[in-house]
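Participant: So I've got this file, structure.cif, and it contains mmCIF, C-alpha atoms and all ligand atoms:
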data_start
loop_
_atom_site.group_PDB
_atom_site.id
_atom_site.type_symbol
_atom_site.label_atom_id
_atom_site.label_comp_id
_atom_site.auth_asym_id
_atom_site.auth_seq_id
_atom_site.Cartn_x
_atom_site.Cartn_y
_atom_site.Cartn_z
ATOM 1 C CA MET A 1 0.000 0.000 0.000
ATOM 2 C CA THR A 2 2.720 2.372 0.912
ATOM 3 C CA GLN A 3 5.621 3.434 -1.196
ATOM 4 C CA GLY A 4 8.150 3.408 1.588
ATOM 5 C CA ALA A 5 11.832 4.112 1.220
ATOM 6 C CA GLY A 6 13.717 1.536 -0.725
ATOM 7 C CA THR A 7 10.662 0.056 -2.398
ATOM 8 C CA GLY A 8 11.601 0.750 -5.996
ATOM 9 C CA PRO A 9 14.226 -0.365 -8.421
ATOM 10 C CA SER A 10 16.143 2.844 -7.718
ATOM 11 C CA ALA A 11 16.817 1.794 -4.109
ATOM 12 C CA SER A 12 20.350 2.502 -2.994
ATOM 13 C CA ARG A 13 21.634 -1.048 -2.679
ATOM 14 C CA PRO A 14 22.646 -2.720 -5.923
ATOM 15 C CA ILE A 15 20.147 -5.134 -7.408
ATOM 16 C CA PRO A 16 21.632 -8.169 -9.132
ATOM 17 C CA THR A 17 19.969 -8.967 -12.374
ATOM 18 C CA ARG A 18 18.637 -12.170 -13.812
ATOM 19 C CA PRO A 19 17.085 -12.849 -17.156
ATOM 20 C CA PRO A 20 13.292 -12.547 -17.210
ATOM 21 C CA GLY A 21 11.103 -15.556 -17.745
ATOM 22 C CA GLY A 22 11.258 -19.099 -16.476
ATOM 23 C CA SER A 23 8.608 -20.844 -14.481
ATOM 24 C CA LEU A 24 8.411 -21.848 -10.853
ATOM 25 C CA ASP A 25 8.646 -25.468 -9.841
ATOM 26 C CA PRO A 26 4.974 -26.365 -9.713
ATOM 27 C CA VAL A 27 5.530 -29.567 -7.777
ATOM 28 C CA ALA A 28 6.564 -27.634 -4.696
ATOM 29 C CA LEU A 29 3.820 -25.016 -4.821
ATOM 30 C CA ARG A 30 0.699 -25.283 -2.710
ATOM 31 C CA ALA A 31 -0.619 -21.748 -2.289
ATOM 32 C CA VAL A 32 -0.591 -18.232 -3.672
ATOM 33 C CA LEU A 33 -0.502 -15.472 -1.078
ATOM 34 C CA TRP A 34 -1.700 -12.092 -2.315
ATOM 35 C CA ASP A 35 -1.148 -8.450 -1.612
ATOM 36 C CA VAL A 36 -4.357 -6.454 -2.105
ATOM 37 C CA ASP A 37 -3.818 -2.746 -2.687
ATOM 38 C CA ASP A 38 -2.571 -1.936 -6.180
ATOM 39 C CA THR A 39 -2.235 -5.667 -6.850
ATOM 40 C CA LEU A 40 -5.821 -6.974 -6.961
ATOM 41 C CA PHE A 41 -7.587 -3.756 -5.975
ATOM 42 C CA ASP A 42 -6.993 -0.502 -7.870
ATOM 43 C CA TYR A 43 -6.191 1.456 -4.746
ATOM 44 C CA THR A 44 -4.454 4.343 -6.471
ATOM 45 C CA GLY A 45 -7.215 4.809 -9.029
ATOM 46 C CA SER A 46 -9.969 4.498 -6.449
ATOM 47 C CA ASP A 47 -8.239 6.913 -4.103
ATOM 48 C CA ARG A 48 -7.583 9.447 -6.876
ATOM 49 C CA THR A 49 -11.231 9.407 -7.922
ATOM 50 C CA GLY A 50 -12.500 9.414 -4.363
ATOM 51 C CA ILE A 51 -10.500 12.390 -3.132
ATOM 52 C CA ALA A 52 -11.286 14.410 -6.275
ATOM 53 C CA ARG A 53 -15.028 13.874 -5.845
ATOM 54 C CA HIS A 54 -14.819 14.547 -2.128
ATOM 55 C CA LEU A 55 -12.910 17.807 -2.560
ATOM 56 C CA ALA A 56 -15.329 18.910 -5.256
ATOM 57 C CA ALA A 57 -18.221 18.236 -2.880
ATOM 58 C CA GLU A 58 -16.454 20.126 -0.093
ATOM 59 C CA GLY A 59 -15.647 23.086 -2.370
ATOM 60 C CA LEU A 60 -11.922 22.554 -1.774
ATOM 61 C CA LEU A 61 -10.547 21.651 -5.205
ATOM 62 C CA THR A 62 -9.424 25.184 -6.058
ATOM 63 C CA ARG A 63 -7.455 25.374 -2.829
ATOM 64 C CA TYR A 64 -4.911 22.908 -4.230
ATOM 65 C CA GLY A 65 -4.682 24.245 -7.761
ATOM 66 C CA THR A 66 -5.324 21.005 -9.583
ATOM 67 C CA ALA A 67 -6.923 17.690 -8.724
ATOM 68 C CA GLU A 68 -3.598 15.961 -9.340
ATOM 69 C CA ARG A 69 -1.792 18.307 -6.954
ATOM 70 C CA ALA A 70 -4.436 17.645 -4.325
ATOM 71 C CA PHE A 71 -4.091 13.896 -4.851
ATOM 72 C CA SER A 72 -0.330 14.119 -4.514
ATOM 73 C CA LEU A 73 -0.636 15.882 -1.161
ATOM 74 C CA TRP A 74 -3.346 13.483 -0.015
ATOM 75 C CA ARG A 75 -1.150 10.522 -0.962
ATOM 76 C CA GLU A 76 1.832 12.038 0.825
ATOM 77 C CA ALA A 77 -0.218 12.424 4.006
ATOM 78 C CA MET A 78 -1.320 8.795 3.725
ATOM 79 C CA GLU A 79 2.196 7.487 3.272
ATOM 80 C CA THR A 80 3.526 9.472 6.213
ATOM 81 C CA HIS A 81 0.876 8.435 8.671
ATOM 82 C CA PHE A 82 0.312 4.900 7.417
ATOM 83 C CA ALA A 83 4.004 4.329 8.115
ATOM 84 C CA ARG A 84 3.369 5.502 11.683
ATOM 85 C CA PHE A 85 0.493 3.006 11.925
ATOM 86 C CA LEU A 86 2.727 0.211 10.678
ATOM 87 C CA ALA A 87 5.382 1.213 13.203
ATOM 88 C CA GLY A 88 2.829 0.866 15.978
ATOM 89 C CA GLU A 89 2.953 4.562 16.874
ATOM 90 C CA ILE A 90 -0.752 5.153 16.245
ATOM 91 C CA ASP A 91 -3.797 2.989 15.637
ATOM 92 C CA PHE A 92 -5.693 2.789 12.353
ATOM 93 C CA GLN A 93 -8.323 5.352 13.361
ATOM 94 C CA GLU A 94 -5.738 7.844 14.544
ATOM 95 C CA HIS A 95 -3.788 7.415 11.309
ATOM 96 C CA ARG A 96 -6.908 8.511 9.441
ATOM 97 C CA ARG A 97 -7.290 11.591 11.649
ATOM 98 C CA ALA A 98 -3.626 12.448 11.163
ATOM 99 C CA ARG A 99 -4.025 12.221 7.386
ATOM 100 C CA VAL A 100 -6.921 14.667 7.465
ATOM 101 C CA ARG A 101 -5.133 17.132 9.730
ATOM 102 C CA ALA A 102 -1.952 17.016 7.645
ATOM 103 C CA PHE A 103 -3.795 17.411 4.358
ATOM 104 C CA LEU A 104 -5.908 20.325 5.583
ATOM 105 C CA ALA A 105 -3.069 21.771 7.686
ATOM 106 C CA ALA A 106 -5.671 22.271 10.385
ATOM 107 C CA ARG A 107 -6.036 21.360 14.047
ATOM 108 C CA LEU A 108 -9.294 19.484 13.912
ATOM 109 C CA ALA A 109 -10.897 17.820 16.907
ATOM 110 C CA ASP A 110 -11.171 14.039 16.657
ATOM 111 C CA ALA A 111 -14.868 14.180 15.797
ATOM 112 C CA GLU A 112 -14.280 16.770 13.068
ATOM 113 C CA ALA A 113 -11.463 14.744 11.509
ATOM 114 C CA ASP A 114 -13.552 11.567 11.723
ATOM 115 C CA ALA A 115 -16.496 13.269 10.019
ATOM 116 C CA TRP A 116 -14.313 14.690 7.233
ATOM 117 C CA PHE A 117 -12.725 11.302 6.615
ATOM 118 C CA ALA A 118 -16.121 9.591 6.647
ATOM 119 C CA ARG A 119 -17.355 11.960 3.937
ATOM 120 C CA TYR A 120 -14.239 11.161 1.889
ATOM 121 C CA VAL A 121 -14.741 7.423 2.409
ATOM 122 C CA ARG A 122 -18.208 7.541 0.837
ATOM 123 C CA HIS A 123 -16.671 8.836 -2.400
ATOM 124 C CA TYR A 124 -13.650 6.546 -2.130
ATOM 125 C CA GLU A 125 -15.728 3.411 -1.603
ATOM 126 C CA ALA A 126 -18.077 4.371 -4.421
ATOM 127 C CA ALA A 127 -14.987 4.277 -6.660
ATOM 128 C CA TRP A 128 -13.688 0.924 -5.392
ATOM 129 C CA THR A 129 -12.759 -1.397 -8.230
ATOM 130 C CA LEU A 130 -10.661 -4.455 -8.946
ATOM 131 C CA PHE A 131 -8.147 -4.440 -11.760
ATOM 132 C CA PRO A 132 -9.686 -6.150 -14.784
ATOM 133 C CA ASP A 133 -7.156 -8.991 -14.619
ATOM 134 C CA ALA A 134 -7.757 -9.717 -10.919
ATOM 135 C CA GLY A 135 -10.961 -11.763 -11.159
ATOM 136 C CA PRO A 136 -9.739 -14.062 -13.946
ATOM 137 C CA ALA A 137 -6.432 -14.632 -12.146
ATOM 138 C CA LEU A 138 -8.137 -15.504 -8.858
ATOM 139 C CA GLU A 139 -10.495 -17.884 -10.617
ATOM 140 C CA ALA A 140 -7.696 -19.616 -12.499
ATOM 141 C CA VAL A 141 -5.237 -19.865 -9.614
ATOM 142 C CA GLY A 142 -7.995 -21.102 -7.311
ATOM 143 C CA ARG A 143 -8.613 -24.134 -9.503
ATOM 144 C CA ARG A 144 -5.357 -25.666 -8.366
ATOM 145 C CA PHE A 145 -3.864 -23.667 -5.504
ATOM 146 C CA ARG A 146 -4.965 -22.520 -2.105
ATOM 147 C CA GLN A 147 -5.180 -18.741 -1.819
ATOM 148 C CA ALA A 148 -4.845 -16.255 1.025
ATOM 149 C CA VAL A 149 -4.160 -12.559 1.566
ATOM 150 C CA LEU A 150 -1.346 -10.896 3.455
ATOM 151 C CA SER A 151 -1.800 -7.120 3.549
ATOM 152 C CA ASN A 152 -0.342 -4.314 5.600
ATOM 153 C CA ALA A 153 -3.734 -2.650 6.034
ATOM 154 C CA SER A 154 -5.984 -3.609 8.919
ATOM 155 C CA THR A 155 -7.467 -7.092 8.709
ATOM 156 C CA ALA A 156 -11.037 -5.916 9.268
ATOM 157 C CA HIS A 157 -10.701 -3.231 6.606
ATOM 158 C CA GLN A 158 -9.363 -5.633 4.009
ATOM 159 C CA ARG A 159 -11.896 -8.355 4.782
ATOM 160 C CA ARG A 160 -14.722 -5.895 4.275
ATOM 161 C CA LYS A 161 -13.170 -4.486 1.103
ATOM 162 C CA LEU A 162 -12.723 -7.924 -0.441
ATOM 163 C CA ALA A 163 -16.309 -8.816 0.459
ATOM 164 C CA VAL A 164 -17.649 -5.625 -1.131
ATOM 165 C CA LEU A 165 -15.583 -6.350 -4.248
ATOM 166 C CA GLY A 166 -17.032 -9.861 -4.392
ATOM 167 C CA VAL A 167 -13.779 -11.811 -4.069
ATOM 168 C CA ARG A 168 -13.622 -12.631 -0.338
ATOM 169 C CA GLY A 169 -14.592 -16.238 -1.037
ATOM 170 C CA HIS A 170 -11.363 -16.909 -2.909
ATOM 171 C CA PHE A 171 -9.261 -16.669 0.253
ATOM 172 C CA GLU A 172 -8.874 -19.098 3.122
ATOM 173 C CA GLU A 173 -7.274 -16.407 5.219
ATOM 174 C CA VAL A 174 -7.164 -12.615 5.086
ATOM 175 C CA LEU A 175 -4.308 -11.444 7.245
ATOM 176 C CA GLY A 176 -3.489 -7.814 7.862
ATOM 177 C CA ALA A 177 -1.342 -5.697 10.090
ATOM 178 C CA GLY A 178 -2.529 -5.121 13.611
ATOM 179 C CA PRO A 179 -1.247 -3.613 16.828
ATOM 180 C CA GLN A 180 0.518 -6.850 17.740
ATOM 181 C CA GLY A 181 1.258 -8.038 14.241
ATOM 182 C CA CYS A 182 4.289 -7.792 12.048
ATOM 183 C CA ALA A 183 4.036 -5.868 8.803
ATOM 184 C CA LYS A 184 5.761 -6.535 5.497
ATOM 185 C CA PRO A 185 8.697 -6.444 4.831
ATOM 186 C CA ASP A 186 9.336 -8.098 8.216
ATOM 187 C CA PRO A 187 9.864 -11.817 7.445
ATOM 188 C CA ARG A 188 7.699 -12.702 10.431
ATOM 189 C CA ALA A 189 4.683 -11.336 8.554
ATOM 190 C CA PHE A 190 5.253 -13.796 5.694
ATOM 191 C CA LEU A 191 6.167 -16.693 7.984
ATOM 192 C CA GLY A 192 3.083 -16.037 10.100
ATOM 193 C CA ALA A 193 0.910 -16.261 6.995
ATOM 194 C CA CYS A 194 2.551 -19.535 5.965
ATOM 195 C CA ALA A 195 2.014 -20.898 9.469
ATOM 196 C CA ALA A 196 -1.645 -19.903 9.305
ATOM 197 C CA LEU A 197 -1.917 -22.005 6.163
ATOM 198 C CA GLY A 198 0.129 -24.846 7.648
ATOM 199 C CA LEU A 199 2.618 -24.604 4.785
ATOM 200 C CA HIS A 200 6.370 -24.346 4.432
ATOM 201 C CA PRO A 201 7.439 -20.985 2.941
ATOM 202 C CA GLY A 202 8.869 -22.820 -0.057
ATOM 203 C CA GLU A 203 5.371 -24.010 -0.893
ATOM 204 C CA VAL A 204 3.994 -20.472 -1.146
ATOM 205 C CA VAL A 205 4.138 -17.804 -3.857
ATOM 206 C CA TYR A 206 3.703 -14.164 -2.815
ATOM 207 C CA VAL A 207 2.382 -11.700 -5.405
ATOM 208 C CA GLY A 208 2.580 -7.951 -4.791
ATOM 209 C CA ASP A 209 3.147 -4.615 -6.506
ATOM 210 C CA GLN A 210 5.983 -3.420 -4.272
ATOM 211 C CA LEU A 211 9.369 -4.729 -5.342
ATOM 212 C CA GLU A 212 11.116 -4.509 -1.988
ATOM 213 C CA THR A 213 8.243 -4.664 0.509
ATOM 214 C CA ASP A 214 6.461 -7.504 -1.272
ATOM 215 C CA ALA A 215 8.582 -9.539 -3.673
ATOM 216 C CA VAL A 216 12.089 -9.136 -2.290
ATOM 217 C CA ALA A 217 10.914 -9.449 1.301
ATOM 218 C CA ALA A 218 8.883 -12.568 0.489
ATOM 219 C CA GLN A 219 11.879 -14.113 -1.253
ATOM 220 C CA ALA A 220 14.081 -13.304 1.743
ATOM 221 C CA ALA A 221 11.573 -15.039 4.027
ATOM 222 C CA GLY A 222 11.806 -18.205 1.938
ATOM 223 C CA LEU A 223 8.681 -17.784 -0.178
ATOM 224 C CA HIS A 224 8.683 -17.305 -3.947
ATOM 225 C CA GLY A 225 8.449 -13.569 -4.612
ATOM 226 C CA VAL A 226 6.552 -12.322 -7.654
ATOM 227 C CA TRP A 227 6.723 -8.602 -8.375
ATOM 228 C CA LEU A 228 3.686 -7.226 -10.180
ATOM 229 C CA ASP A 229 5.209 -4.338 -12.118
ATOM 230 C CA ARG A 230 2.122 -2.893 -13.779
ATOM 231 C CA THR A 231 3.677 0.364 -14.876
ATOM 232 C CA GLY A 232 7.204 -0.717 -15.660
ATOM 233 C CA GLY A 233 10.138 1.238 -14.364
ATOM 234 C CA ALA A 234 13.167 2.749 -16.013
ATOM 235 C CA ASP A 235 15.100 -0.231 -14.678
ATOM 236 C CA GLY A 236 12.336 -2.631 -15.566
ATOM 237 C CA ASN A 237 14.580 -5.380 -16.906
ATOM 238 C CA ALA A 238 16.509 -5.744 -13.660
ATOM 239 C CA VAL A 239 15.032 -7.709 -10.791
ATOM 240 C CA PRO A 240 16.784 -9.237 -7.801
ATOM 241 C CA ASP A 241 17.934 -12.843 -7.963
ATOM 242 C CA GLY A 242 15.080 -15.271 -7.555
ATOM 243 C CA VAL A 243 12.327 -12.685 -7.847
ATOM 244 C CA ARG A 244 9.965 -13.057 -10.799
ATOM 245 C CA ARG A 245 8.536 -9.984 -12.494
ATOM 246 C CA ILE A 246 5.191 -9.911 -14.248
ATOM 247 C CA ARG A 247 3.588 -6.916 -15.971
ATOM 248 C CA GLY A 248 0.015 -7.992 -15.345
ATOM 249 C CA LEU A 249 -1.825 -10.761 -13.526
ATOM 250 C CA ASP A 250 -2.532 -12.407 -16.858
ATOM 251 C CA GLU A 251 1.165 -13.371 -16.835
ATOM 252 C CA LEU A 252 0.922 -15.234 -13.530
ATOM 253 C CA PRO A 253 -0.330 -18.455 -15.174
ATOM 254 C CA GLY A 254 2.893 -18.614 -17.163
ATOM 255 C CA LEU A 255 4.844 -18.913 -13.935
ATOM 256 C CA LEU A 256 2.619 -21.638 -12.540
ATOM 257 C CA ARG A 257 2.428 -23.871 -15.578
ATOM 258 C CA PRO A 258 2.352 -26.755 -16.264
ATOM 259 C CA VAL A 259 0.155 -27.382 -13.246
ATOM 260 C CA ILE A 260 -2.449 -24.908 -14.447
ATOM 261 C CA ASP A 261 -3.766 -24.552 -17.945
ATOM 262 C CA PHE A 262 -5.596 -21.281 -17.540
ATOM 263 C CA GLY A 263 -7.197 -21.534 -20.933
ATOM 264 C CA ALA A 264 -8.761 -24.942 -20.367
ATOM 265 C CA PRO A 265 -10.178 -25.309 -16.862
ATOM 266 C CA SER A 266 -11.981 -28.503 -17.811
ATOM 267 C CA THR A 267 -8.658 -30.302 -17.966
ATOM 268 C CA PHE A 268 -8.101 -30.019 -14.219
ATOM 269 C CA GLY A 269 -8.802 -32.941 -12.025
HETATM 270 MG MG MG B 301 0.270 -3.197 -2.659
#
In structure tokens, how does this file's structure come out?
Facilitator:
Amino acid sequence: MTQGAGTGPSASRPIPTRPPGGSLDPVALRAVLWDVDDTLFDYTGSDRTGIARHLAAEGLLTRYGTAERAFSLWREAMETHFARFLAGEIDFQEHRRARVRAFLAARLADAEADAWFARYVRHYEAAWTLFPDAGPALEAVGRRFRQAVLSNASTAHQRRKLAVLGVRGHFEEVLGAGPQGCAKPDPRAFLGACAALGLHPGEVVYVGDQLETDAVAAQAAGLHGVWLDRTGGADGNAVPDGVRRIRGLDELPGLLRPVIDFGAPSTFG
């Protein structure tokens, strides 16, 4: 969800390269563990639409010059205070209040910040949408593999979101960050998810949009890290050793073959 330091291909430490392509060993794989935001769910697009509609309704768009400028500031406030939530400094509700206060540069009482955020959420949730390739990928992967979610957002929030989006039933477990939990990229977050599934990390693929926080961290924890690079970076041909890069979820089947033939579900036993 967040774009924390060191999460892109331009991170300071050198990234060894490997040729793209190749498939995972399907014999060893039992489950696919998913990130949610900006992997299955179009968080950035939903948030951009939601804040623009909310600011228009509040009469605040002109204050920020352009909708894109407003979104940039809104996103910056989210990243700052979501990081504080992940660090255990504040709870999820307080992180929302802090985002509102930072964005408006105003000292709002808790109730005022809560009300402002609630009005934003109505627009944001009205814009909630999956990426077009998410549903087909979940359907195809689910024919052969167990599936679960490991997210850094709150568990309750993600469970509700996935239910609203109509995909909650694909997942045995939906695991998020909590006050006592460990967040990605901490290996304990990945190992905890594997333990919840009763699987060895080597039996689990992790798919996420953040190179370092998702794919590299999963690989370091002993899982198979798959980086969903939807936009492609300037250094798009270089990925760390062992990490697989896909440009869309429609490419995931290619990594999991020959166990899955995504084009012919009737062939599965
Ligand atoms: Mg994500």
Participant: Quick one: residues within 7 Å of ligand MG 301 (chain B), with only C-alpha atoms and all ligand atoms, as a VMD selection string?
Facilitator: chain A and resid 1 35 to 39 208 to 210
Participant: Measure the distance from CA of Arg143 in chain A to CA of Lys184 in chain A in Å and round it to one decimal.
Facilitator: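 Result for CA of Arg143 in chain A versus CA of Lys184 in chain A: 27.2 Å, one decimal.
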Participant: If I put a ball of radius 10 Å at (2.9, 2.3, 10.1) in the file's coordinates, which residues poke into it when counting all atoms listed in the file, written as a VMD selection string?
Facilitator: chain A and resid 2 79 to 92 95 152 to 153 177 to 179 183
Participant: Here is a test: counting all atoms listed in the file, which residue of A:Val226, A:Thr49, A:Glu125, A:Phe171 is nearest to His157 in chain A?
Facilitator: A:Glu125
Participant: Could you expand the PyMOL selection byres (((chain A and resi 127) around 7) and not hetatm) into the explicit residues it covers here, written as JSON, numbers by chain?
Facilitator: {"A": [46, 49, 50, 123, 124, 125, 126, 128, 129]}
Participant: Written as a list in words, which residues does the PyMOL selection byres (((chain A and resi 162-164) around 10) and not hetatm) give for the file shown?
Facilitator: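 Those residues are Val36, Leu40, Phe41, Glu125, Trp128, Thr129, Leu130, Val149, His157, Gln158, Arg159, Arg160, Lys161, Leu165, Gly166, Val167, Arg168, Gly169, His170, Phe171 and Val174 of chain A.
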Participant: Residues within 12 Å of Ala195 in chain A, please, as a short mmCIF file (atom, residue, chain, number, x, y, z; two decimals) with C-alpha atoms, in the frame of the given file. Count all atoms listed in the file; anything in the same chain fewer than 6 positions from it doesn't count.
Facilitator:
data_model
loop_
_atom_site.label_atom_id
_atom_site.label_comp_id
_atom_site.auth_asym_id
_atom_site.auth_seq_id
_atom_site.Cartn_x
_atom_site.Cartn_y
_atom_site.Cartn_z
CA ALA A 148 -4.84 -16.26 1.02
CA GLU A 173 -7.27 -16.41 5.22
CA LEU A 175 -4.31 -11.44 7.24
CA ARG A 188 7.70 -12.70 10.43
CA ALA A 189 4.68 -11.34 8.55
CA PRO A 201 7.44 -20.98 2.94
CA GLY A 202 8.87 -22.82 -0.06
CA GLU A 203 5.37 -24.01 -0.89
CA VAL A 204 3.99 -20.47 -1.15
#
Participant: Please write the residues picked by the PyMOL selection byres (((chain A and resi 133) around 12) and not hetatm) on this file as an NGL selection string.
Facilitator: :A and (38-42 or 129-132 or 134-140 or 228 or 230 or 247-253)
